[in-house]
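Okay, data18.cif is below, mmCIF, C-alpha atoms:
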data_input
loop_
_atom_site.label_atom_id
_atom_site.label_comp_id
_atom_site.auth_asym_id
_atom_site.auth_seq_id
_atom_site.Cartn_x
_atom_site.Cartn_y
_atom_site.Cartn_z
CA MET A 1 0.00 0.00 0.00
CA SER A 2 1.03 3.63 -0.38
CA SER A 3 0.80 6.25 2.33
CA ASP A 4 -1.44 9.28 2.13
CA LEU A 5 1.52 11.61 2.16
CA PRO A 6 1.78 13.46 -1.15
CA SER A 7 4.89 13.58 -3.29
CA SER A 8 7.03 16.55 -2.43
CA ASP A 9 10.02 18.50 -3.65
CA SER A 10 13.32 17.54 -2.01
CA GLY A 11 14.71 21.05 -2.31
CA SER A 12 16.98 20.09 -5.21
CA GLY A 13 14.21 19.99 -7.80
CA ALA A 14 13.79 16.21 -7.56
CA ARG A 15 10.35 14.81 -6.82
CA VAL A 16 10.13 12.57 -3.77
CA PRO A 17 7.87 9.55 -4.37
CA ARG A 18 5.03 8.40 -2.16
CA LEU A 19 5.83 5.84 0.50
CA GLU A 20 5.09 2.25 -0.46
CA ILE A 21 4.46 0.51 2.86
CA LEU A 22 4.82 -3.26 2.67
CA ARG A 23 3.92 -3.98 6.29
CA GLU A 24 3.31 -2.08 9.52
CA ASP A 25 3.20 -4.51 12.42
CA GLY A 26 3.68 -3.27 15.96
CA PRO A 27 7.12 -1.63 16.24
CA LEU A 28 8.14 -2.82 12.76
CA ILE A 29 7.51 -0.94 9.54
CA ALA A 30 8.78 -2.20 6.17
CA LEU A 31 8.81 -0.26 2.92
CA ASN A 32 9.74 -0.62 -0.73
CA LYS A 33 12.50 1.95 -1.23
CA PRO A 34 12.61 3.48 -4.70
CA SER A 35 15.97 3.80 -6.43
CA GLY A 36 17.54 7.25 -6.19
CA LEU A 37 16.36 7.88 -2.63
CA LEU A 38 18.75 7.73 0.32
CA THR A 39 17.86 5.24 3.05
CA GLN A 40 19.04 7.47 5.87
CA GLY A 41 19.29 11.23 6.13
CA VAL A 42 22.58 13.04 5.66
CA PRO A 43 23.59 16.71 5.98
CA HIS A 44 22.50 19.31 3.40
CA ALA A 45 18.80 18.41 3.84
CA GLN A 46 18.67 15.72 1.19
CA ALA A 47 15.48 13.69 1.09
CA SER A 48 15.65 10.21 2.61
CA LEU A 49 13.35 7.27 3.24
CA GLU A 50 14.04 7.66 6.96
CA GLY A 51 12.81 11.25 6.87
CA LEU A 52 9.68 10.38 4.93
CA VAL A 53 8.79 7.56 7.34
CA LYS A 54 9.28 9.87 10.33
CA GLN A 55 6.92 12.37 8.71
CA TYR A 56 4.40 9.60 8.05
CA LEU A 57 4.51 8.37 11.65
CA LYS A 58 4.19 11.88 13.01
CA GLU A 59 1.18 12.72 10.86
CA GLN A 60 -0.64 9.38 10.73
CA HIS A 61 -0.17 8.52 14.39
CA HIS A 62 -0.33 12.10 15.72
CA LYS A 63 3.04 11.86 17.42
CA PRO A 64 4.22 15.07 19.10
CA GLY A 65 7.82 16.23 19.07
CA ASN A 66 10.66 14.26 17.53
CA VAL A 67 9.85 10.80 16.18
CA TYR A 68 12.20 7.91 16.96
CA LEU A 69 13.05 5.60 14.07
CA GLY A 70 15.68 2.85 14.26
CA VAL A 71 17.62 2.07 11.07
CA PRO A 72 18.99 -1.50 11.40
CA HIS A 73 20.18 -1.74 7.77
CA ARG A 74 20.48 0.30 4.58
CA LEU A 75 20.31 0.03 0.81
CA ASP A 76 22.58 1.92 -1.58
CA ARG A 77 20.96 4.99 -3.11
CA PRO A 78 20.53 3.53 -6.64
CA VAL A 79 19.17 0.23 -5.29
CA SER A 80 15.45 -0.39 -4.72
CA GLY A 81 13.66 -2.85 -2.48
CA VAL A 82 12.77 -3.90 1.06
CA VAL A 83 13.92 -1.70 3.93
CA VAL A 84 12.89 -2.34 7.54
CA PHE A 85 12.71 0.28 10.28
CA ALA A 86 11.88 0.07 14.00
CA LYS A 87 9.62 2.43 15.91
CA ASN A 88 11.35 1.95 19.26
CA SER A 89 14.88 1.29 20.47
CA LYS A 90 14.23 -2.23 21.78
CA ALA A 91 12.87 -3.39 18.41
CA ALA A 92 15.76 -1.62 16.65
CA ASP A 93 18.30 -3.51 18.79
CA ARG A 94 16.60 -6.85 18.13
CA LEU A 95 16.46 -6.29 14.38
CA ALA A 96 20.06 -5.05 14.27
CA GLU A 97 21.17 -8.18 16.13
CA GLN A 98 19.53 -10.35 13.46
CA PHE A 99 21.45 -8.52 10.76
CA ARG A 100 24.72 -8.82 12.71
CA ASN A 101 24.17 -12.53 13.32
CA ARG A 102 23.27 -13.07 9.64
CA SER A 103 20.10 -14.86 10.63
CA ILE A 104 18.02 -12.77 8.20
CA ARG A 105 17.61 -14.27 4.74
CA LYS A 106 18.30 -11.58 2.13
CA THR A 107 17.33 -12.27 -1.49
CA TYR A 108 18.11 -9.85 -4.29
CA LEU A 109 17.29 -9.80 -7.99
CA ALA A 110 19.77 -8.31 -10.44
CA VAL A 111 19.92 -7.71 -14.18
CA VAL A 112 23.52 -7.97 -15.37
CA GLU A 113 25.10 -6.97 -18.67
CA SER A 114 26.55 -10.40 -19.46
CA VAL A 115 25.59 -13.94 -18.50
CA PRO A 116 27.59 -15.18 -15.48
CA LEU A 117 29.53 -18.39 -16.04
CA PRO A 118 29.08 -20.74 -14.39
CA THR A 119 25.39 -19.92 -14.20
CA GLU A 120 25.25 -20.61 -10.46
CA GLY A 121 27.71 -20.68 -7.62
CA THR A 122 29.20 -18.87 -4.64
CA LEU A 123 31.25 -15.68 -4.84
CA THR A 124 33.77 -15.06 -2.05
CA ASP A 125 35.97 -11.97 -2.07
CA TRP A 126 37.81 -9.62 0.24
CA LEU A 127 36.56 -6.06 -0.12
CA LEU A 128 38.23 -2.80 0.85
CA LYS A 129 36.07 0.29 1.34
CA ASP A 130 37.24 3.79 0.47
CA ALA A 131 34.77 5.83 2.50
CA THR A 132 36.01 9.14 1.11
CA ALA A 133 35.43 8.11 -2.49
CA ALA A 134 32.36 5.98 -1.64
CA HIS A 135 33.93 3.15 -3.62
CA VAL A 136 34.77 -0.49 -2.88
CA SER A 137 37.51 -2.65 -4.43
CA VAL A 138 38.25 -6.37 -4.50
CA VAL A 139 41.64 -6.95 -2.84
CA SER A 140 43.82 -9.83 -1.77
CA ARG A 141 42.97 -11.73 1.38
CA GLY A 142 44.80 -10.27 4.33
CA THR A 143 44.82 -6.72 2.98
CA GLU A 144 44.63 -4.36 5.95
CA GLY A 145 41.12 -3.09 6.50
CA SER A 146 39.49 -5.57 4.13
CA LYS A 147 36.44 -7.69 4.97
CA GLN A 148 35.19 -10.97 3.58
CA ALA A 149 32.11 -10.88 1.33
CA VAL A 150 30.08 -13.98 0.44
CA LEU A 151 26.99 -14.51 -1.71
CA ASP A 152 25.28 -17.29 -3.65
CA TYR A 153 23.83 -16.64 -7.10
CA GLU A 154 21.80 -18.39 -9.77
CA VAL A 155 20.92 -17.25 -13.30
CA ILE A 156 17.16 -17.67 -13.65
CA ALA A 157 16.56 -16.11 -17.09
CA VAL A 158 18.55 -14.94 -20.10
CA LYS A 159 17.57 -12.39 -22.74
CA GLY A 160 20.16 -11.55 -25.37
CA LYS A 161 23.43 -10.80 -23.62
CA ARG A 162 21.75 -10.00 -20.33
CA ALA A 163 20.74 -12.23 -17.43
CA LEU A 164 18.33 -12.08 -14.54
CA VAL A 165 20.12 -13.36 -11.44
CA GLN A 166 18.79 -14.36 -8.03
CA ILE A 167 21.21 -13.63 -5.20
CA GLU A 168 21.32 -14.82 -1.59
CA LEU A 169 23.43 -12.34 0.33
CA HIS A 170 25.32 -13.82 3.29
CA THR A 171 27.29 -10.73 4.30
CA GLY A 172 26.28 -7.09 4.11
CA ARG A 173 29.28 -5.15 2.86
CA MET A 174 29.06 -1.74 1.23
CA HIS A 175 28.29 -2.10 -2.51
CA GLN A 176 28.91 -5.84 -2.14
CA ILE A 177 26.80 -7.27 -4.97
CA ARG A 178 27.75 -4.43 -7.29
CA VAL A 179 31.51 -4.82 -6.88
CA GLN A 180 31.54 -8.64 -6.76
CA PHE A 181 29.64 -8.92 -10.03
CA GLY A 182 31.35 -5.94 -11.67
CA SER A 183 34.83 -7.28 -10.89
CA ARG A 184 34.02 -10.45 -12.86
CA GLY A 185 32.80 -8.62 -15.95
CA TRP A 186 29.10 -9.03 -15.06
CA PRO A 187 28.21 -5.46 -14.06
CA ILE A 188 24.72 -4.56 -12.92
CA VAL A 189 22.82 -2.81 -15.72
CA GLY A 190 23.09 0.96 -15.24
CA ASP A 191 25.83 0.75 -12.60
CA LYS A 192 28.52 2.88 -14.25
CA GLN A 193 30.54 2.99 -11.03
CA TYR A 194 31.31 -0.73 -11.33
CA GLY A 195 31.68 -1.19 -15.07
CA ALA A 196 28.28 -0.81 -16.74
CA VAL A 197 27.71 1.16 -19.94
CA LEU A 198 27.18 4.87 -19.56
CA THR A 199 23.54 5.15 -20.64
CA ASP A 200 20.30 3.59 -19.49
CA GLU A 201 17.63 1.79 -21.53
CA ALA A 202 16.33 5.03 -23.06
CA GLY A 203 19.80 6.29 -23.95
CA ARG A 204 19.86 8.91 -21.18
CA ASP A 205 23.17 9.89 -19.63
CA TYR A 206 23.88 8.18 -16.32
CA ASN A 207 23.39 10.35 -13.23
CA PRO A 208 24.50 8.71 -9.96
CA GLN A 209 22.04 10.85 -8.01
CA VAL A 210 18.89 9.72 -9.81
CA SER A 211 19.61 6.95 -12.33
CA PRO A 212 18.31 3.53 -11.26
CA ILE A 213 20.35 0.36 -11.59
CA GLY A 214 19.16 -3.21 -12.13
CA LEU A 215 19.50 -4.31 -8.51
CA HIS A 216 16.49 -4.87 -6.25
CA ALA A 217 16.32 -6.09 -2.64
CA TRP A 218 13.42 -8.38 -3.37
CA ARG A 219 12.83 -10.40 -0.20
CA LEU A 220 13.70 -10.41 3.51
CA VAL A 221 12.81 -13.23 5.89
CA LEU A 222 13.27 -12.30 9.54
CA LYS A 223 11.88 -12.70 13.05
CA HIS A 224 9.33 -10.22 14.33
CA PRO A 225 11.10 -8.16 17.03
CA VAL A 226 8.36 -8.82 19.62
CA ARG A 227 6.56 -12.07 18.73
CA TYR A 228 9.60 -13.76 17.14
CA ASP A 229 7.50 -15.44 14.46
CA ASP A 230 8.88 -15.54 10.91
CA ILE A 231 7.99 -12.61 8.66
CA ARG A 232 8.46 -12.73 4.89
CA LEU A 233 8.60 -9.36 3.16
CA GLU A 234 8.65 -8.97 -0.62
CA ALA A 235 8.93 -5.75 -2.60
CA PRO A 236 7.37 -5.52 -6.09
CA LEU A 237 9.79 -4.71 -8.89
CA PRO A 238 10.13 -1.04 -9.85
CA ARG A 239 8.37 0.16 -12.99
CA HIS A 240 11.64 0.75 -14.83
CA TRP A 241 12.31 -3.00 -14.76
CA ALA A 242 9.77 -3.32 -17.57
CA GLU A 243 12.48 -1.83 -19.80
CA TYR A 244 14.74 -4.79 -19.02
CA GLY A 245 12.19 -7.29 -20.29
CA PHE A 246 12.40 -9.65 -17.30
CA VAL A 247 9.66 -10.81 -14.95
CA ILE A 248 9.94 -12.91 -11.80
CA PRO A 249 9.40 -16.58 -12.72
CA ARG A 250 6.59 -18.37 -10.92
CA GLY A 251 7.64 -20.48 -7.96
CA LEU A 252 10.60 -18.40 -6.78
#
For the structure just supplied, provide its representation as structure tokens.
Amino acid sequence: MSSDLPSSDSGSGARVPRLEILREDGPLIALNKPSGLLTQGVPHAQASLEGLVKQYLKEQHHKPGNVYLGVPHRLDRPVSGVVVFAKNSKAADRLAEQFRNRSIRKTYLAVVESVPLPTEGTLTDWLLKDATAAHVSVVSRGTEGSKQAVLDYEVIAVKGKRALVQIELHTGRMHQIRVQFGSRGWPIVGDKQYGAVLTDEAGRDYNPQVSPIGLHAWRLVLKHPVRYDDIRLEAPLPRHWAEYGFVIPRGL
């Protein structure tokens, strides 16, 4: 469902989309983040999903003063999909612990510019983050400051030179899927930063602030932070995925 909050101007001329709420259940609220929107607020008053959810909670639930919102995980700005927030600190701690313990099942869908070979397997790399440049590189094991990154993948459809890939993410490193696939010559469609072509499906120039990429956080399976029953959250594909020509196969 979408919230009743109208679209608004972010202050930079960009239109901020309506909230797409996937589930609101006690202290948990899950949303489908659109590509191009920050997960969490940063200086310079840029729009963020966090800010929009706080506004929603304040207006819909008539909350006075500042609204608390825990952010147990994040998605990169050009990535769309499921994001979970917590309405109180206890729920935030419990959700964050699940992410730290890797007990949450994280499934992504990606459209890549070339078909991965082999068509299924496990990718294990050591990644080094350059926080200043907001860039990640694959480095040799043992490199100071590097962290291990692991994911499983399977090609589930092929169209021309491109492939639709299902990914089970076992670690949560910055830009992990993007750099692991890009370093092997399978860049995410639209992801110029890690080796994709410079234009999108309509031939428009790539803009890292607003251009979407073919990476979507499709499904999270986690424990409710109060009841501890399993919750399965799925985010519908963004509209721009119609340009890629892929749909989710039945039975996934």
query: Within 8 Å of (11.7, -5.1, 16.3), only C-alpha atoms: residues as a VMD selection string?
result: chain A and resid 27 to 28 86 to 88 90 to 95 224 to 226
query: Near Asp191 of chain A, within 8 Å and counting all atoms listed in the file, which residues show up once chain neighbours fewer than 5 positions away are dropped, as JSON, numbers by chain?
result: {"A": [178, 196, 197, 213, 214]}
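Each of A:Ile167, A:Val42, A:Val150, A:Met174 was compared to Leu128 of chain A using all atoms listed in the file, and A:Met174 turns out to be the nearest.
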field: Two-atom distance - atom CA of Leu75 of chain A, atom CA of Pro238 of chain A (Å)
entry: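 If I compute the distance from atom CA of Leu75 of chain A to atom CA of Pro238 of chain A, I get 14.8 Å.
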- request: Apply the PyMOL selection byres ((chain A and resi 57) around 12) to the displayed file and report the matching residues as an NGL selection string.
  value: :A and (3-5 or 19 or 21 or 24 or 27-29 or 50-56 or 58-69 or 85-87)
message: If the PyMOL selection byres ((chain A and resi 172) around 10) were run on this exact file, what residues would it hold? Put them as a ChimeraX atom specification.
response: /A:73-75,99-100,102,106,148-151,169-171,173-177
- request: Could you give me, as a list in words, the residues within 8 Å of segment 109-122 of chain A, counting only C-alpha atoms and dropping anything in the same chain fewer than 2 positions from it?
  value: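 Residues near the query, excluding close chain neighbours: Thr107, Thr124, Val150, Leu151, Asp152, Tyr153, Glu154, Val155, Val158, Lys161, Arg162, Ala163, Leu164, Val165, Gln166, Ile167, Gly185, Trp186, Pro187, Ile188, Val189, Ala196, Gly214, Leu215, His216, Ala217, Trp218 and Tyr244 of chain A.
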message: For a quick check of understanding, using all atoms listed in the file, which of A:Arg184, A:Arg18, A:Arg141, A:Arg23 has the smallest distance to Ser48 of chain A?
response: A:Arg18
field: Straight-line distance linking atom CA of Glu20 of chain A with atom CA of Arg227 of chain A, stated in Å to one decimal
entry: 24.0 Å
query: Looking at A:Glu168, A:Pro34, A:Lys192, A:Ala157, which one is nearest to Val247 of chain A, with distances taken over only C-alpha atoms?
result: A:Ala157
- prompt: So how far away is atom CA of Val83 of chain A from atom CA of Thr39 of chain A, in Å?
  reply: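 Straight-line distance from atom CA of Thr39 of chain A to atom CA of Val83 of chain A works out to 8.0 Å.
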Mind completing segment 25-36 of chain A with all heavy atoms? Output as a PDB file, in the frame of the given file, please?
ATOM      1  N   ASP A  25       3.598  -3.462  11.478  1.00  0.00           N
ATOM      2  CA  ASP A  25       3.200  -4.510  12.420  1.00  0.00           C
ATOM      3  C   ASP A  25       3.856  -4.244  13.764  1.00  0.00           C
ATOM      4  O   ASP A  25       5.023  -4.577  13.991  1.00  0.00           O
ATOM      5  CB  ASP A  25       3.646  -5.865  11.861  1.00  0.00           C
ATOM      6  CG  ASP A  25       3.175  -7.052  12.687  1.00  0.00           C
ATOM      7  OD1 ASP A  25       2.710  -6.852  13.825  1.00  0.00           O
ATOM      8  OD2 ASP A  25       3.268  -8.196  12.196  1.00  0.00           O
ATOM      9  N   GLY A  26       3.102  -3.620  14.671  1.00  0.00           N
ATOM     10  CA  GLY A  26       3.680  -3.270  15.960  1.00  0.00           C
ATOM     11  C   GLY A  26       4.814  -2.283  15.769  1.00  0.00           C
ATOM     12  O   GLY A  26       4.670  -1.275  15.071  1.00  0.00           O
ATOM     13  N   PRO A  27       6.001  -2.566  16.349  1.00  0.00           N
ATOM     14  CA  PRO A  27       7.120  -1.630  16.240  1.00  0.00           C
ATOM     15  C   PRO A  27       7.883  -1.733  14.925  1.00  0.00           C
ATOM     16  O   PRO A  27       8.855  -1.014  14.716  1.00  0.00           O
ATOM     17  CB  PRO A  27       8.016  -2.022  17.413  1.00  0.00           C
ATOM     18  CG  PRO A  27       7.795  -3.492  17.547  1.00  0.00           C
ATOM     19  CD  PRO A  27       6.336  -3.702  17.235  1.00  0.00           C
ATOM     20  N   LEU A  28       7.450  -2.611  14.039  1.00  0.00           N
ATOM     21  CA  LEU A  28       8.140  -2.820  12.760  1.00  0.00           C
ATOM     22  C   LEU A  28       7.376  -2.148  11.634  1.00  0.00           C
ATOM     23  O   LEU A  28       6.149  -2.246  11.559  1.00  0.00           O
ATOM     24  CB  LEU A  28       8.278  -4.320  12.494  1.00  0.00           C
ATOM     25  CG  LEU A  28       8.902  -4.771  11.171  1.00  0.00           C
ATOM     26  CD1 LEU A  28       9.647  -6.094  11.379  1.00  0.00           C
ATOM     27  CD2 LEU A  28       7.849  -4.967  10.077  1.00  0.00           C
ATOM     28  N   ILE A  29       8.113  -1.468  10.758  1.00  0.00           N
ATOM     29  CA  ILE A  29       7.510  -0.940   9.540  1.00  0.00           C
ATOM     30  C   ILE A  29       8.482  -1.209   8.385  1.00  0.00           C
ATOM     31  O   ILE A  29       9.681  -0.927   8.488  1.00  0.00           O
ATOM     32  CB  ILE A  29       7.179   0.571   9.664  1.00  0.00           C
ATOM     33  CG1 ILE A  29       6.512   1.068   8.371  1.00  0.00           C
ATOM     34  CG2 ILE A  29       8.386   1.405  10.041  1.00  0.00           C
ATOM     35  CD1 ILE A  29       5.869   2.446   8.503  1.00  0.00           C
ATOM     36  N   ALA A  30       7.966  -1.822   7.317  1.00  0.00           N
ATOM     37  CA  ALA A  30       8.780  -2.200   6.170  1.00  0.00           C
ATOM     38  C   ALA A  30       8.256  -1.479   4.930  1.00  0.00           C
ATOM     39  O   ALA A  30       7.039  -1.362   4.731  1.00  0.00           O
ATOM     40  CB  ALA A  30       8.731  -3.710   5.952  1.00  0.00           C
ATOM     41  N   LEU A  31       9.178  -1.026   4.097  1.00  0.00           N
ATOM     42  CA  LEU A  31       8.810  -0.260   2.920  1.00  0.00           C
ATOM     43  C   LEU A  31       9.579  -0.732   1.700  1.00  0.00           C
ATOM     44  O   LEU A  31      10.626  -1.375   1.810  1.00  0.00           O
ATOM     45  CB  LEU A  31       9.075   1.239   3.135  1.00  0.00           C
ATOM     46  CG  LEU A  31       8.342   1.846   4.327  1.00  0.00           C
ATOM     47  CD1 LEU A  31       9.287   1.956   5.511  1.00  0.00           C
ATOM     48  CD2 LEU A  31       7.740   3.184   3.991  1.00  0.00           C
ATOM     49  N   ASN A  32       9.065  -0.375   0.538  1.00  0.00           N
ATOM     50  CA  ASN A  32       9.740  -0.620  -0.730  1.00  0.00           C
ATOM     51  C   ASN A  32      10.436   0.674  -1.123  1.00  0.00           C
ATOM     52  O   ASN A  32       9.791   1.621  -1.585  1.00  0.00           O
ATOM     53  CB  ASN A  32       8.722  -1.045  -1.790  1.00  0.00           C
ATOM     54  CG  ASN A  32       9.386  -1.496  -3.092  1.00  0.00           C
ATOM     55  OD1 ASN A  32      10.607  -1.578  -3.191  1.00  0.00           O
ATOM     56  ND2 ASN A  32       8.570  -1.805  -4.085  1.00  0.00           N
ATOM     57  N   LYS A  33      11.746   0.737  -0.916  1.00  0.00           N
ATOM     58  CA  LYS A  33      12.500   1.950  -1.230  1.00  0.00           C
ATOM     59  C   LYS A  33      12.675   2.104  -2.735  1.00  0.00           C
ATOM     60  O   LYS A  33      13.124   1.180  -3.401  1.00  0.00           O
ATOM     61  CB  LYS A  33      13.883   1.917  -0.571  1.00  0.00           C
ATOM     62  CG  LYS A  33      14.664   3.234  -0.742  1.00  0.00           C
ATOM     63  CD  LYS A  33      16.082   3.128  -0.236  1.00  0.00           C
ATOM     64  CE  LYS A  33      17.051   2.638  -1.298  1.00  0.00           C
ATOM     65  NZ  LYS A  33      17.250   3.600  -2.415  1.00  0.00           N
ATOM     66  N   PRO A  34      12.345   3.262  -3.282  1.00  0.00           N
ATOM     67  CA  PRO A  34      12.610   3.480  -4.700  1.00  0.00           C
ATOM     68  C   PRO A  34      14.094   3.774  -4.934  1.00  0.00           C
ATOM     69  O   PRO A  34      14.791   4.263  -4.040  1.00  0.00           O
ATOM     70  CB  PRO A  34      11.755   4.709  -5.043  1.00  0.00           C
ATOM     71  CG  PRO A  34      11.657   5.447  -3.747  1.00  0.00           C
ATOM     72  CD  PRO A  34      11.671   4.400  -2.658  1.00  0.00           C
ATOM     73  N   SER A  35      14.590   3.456  -6.108  1.00  0.00           N
ATOM     74  CA  SER A  35      15.970   3.800  -6.430  1.00  0.00           C
ATOM     75  C   SER A  35      16.095   5.322  -6.494  1.00  0.00           C
ATOM     76  O   SER A  35      15.142   6.032  -6.811  1.00  0.00           O
ATOM     77  CB  SER A  35      16.362   3.177  -7.771  1.00  0.00           C
ATOM     78  OG  SER A  35      15.479   3.622  -8.795  1.00  0.00           O
ATOM     79  N   GLY A  36      17.282   5.816  -6.150  1.00  0.00           N
ATOM     80  CA  GLY A  36      17.540   7.250  -6.190  1.00  0.00           C
ATOM     81  C   GLY A  36      17.281   7.965  -4.891  1.00  0.00           C
ATOM     82  O   GLY A  36      17.638   9.135  -4.737  1.00  0.00           O
TER      83      GLY A  36
END
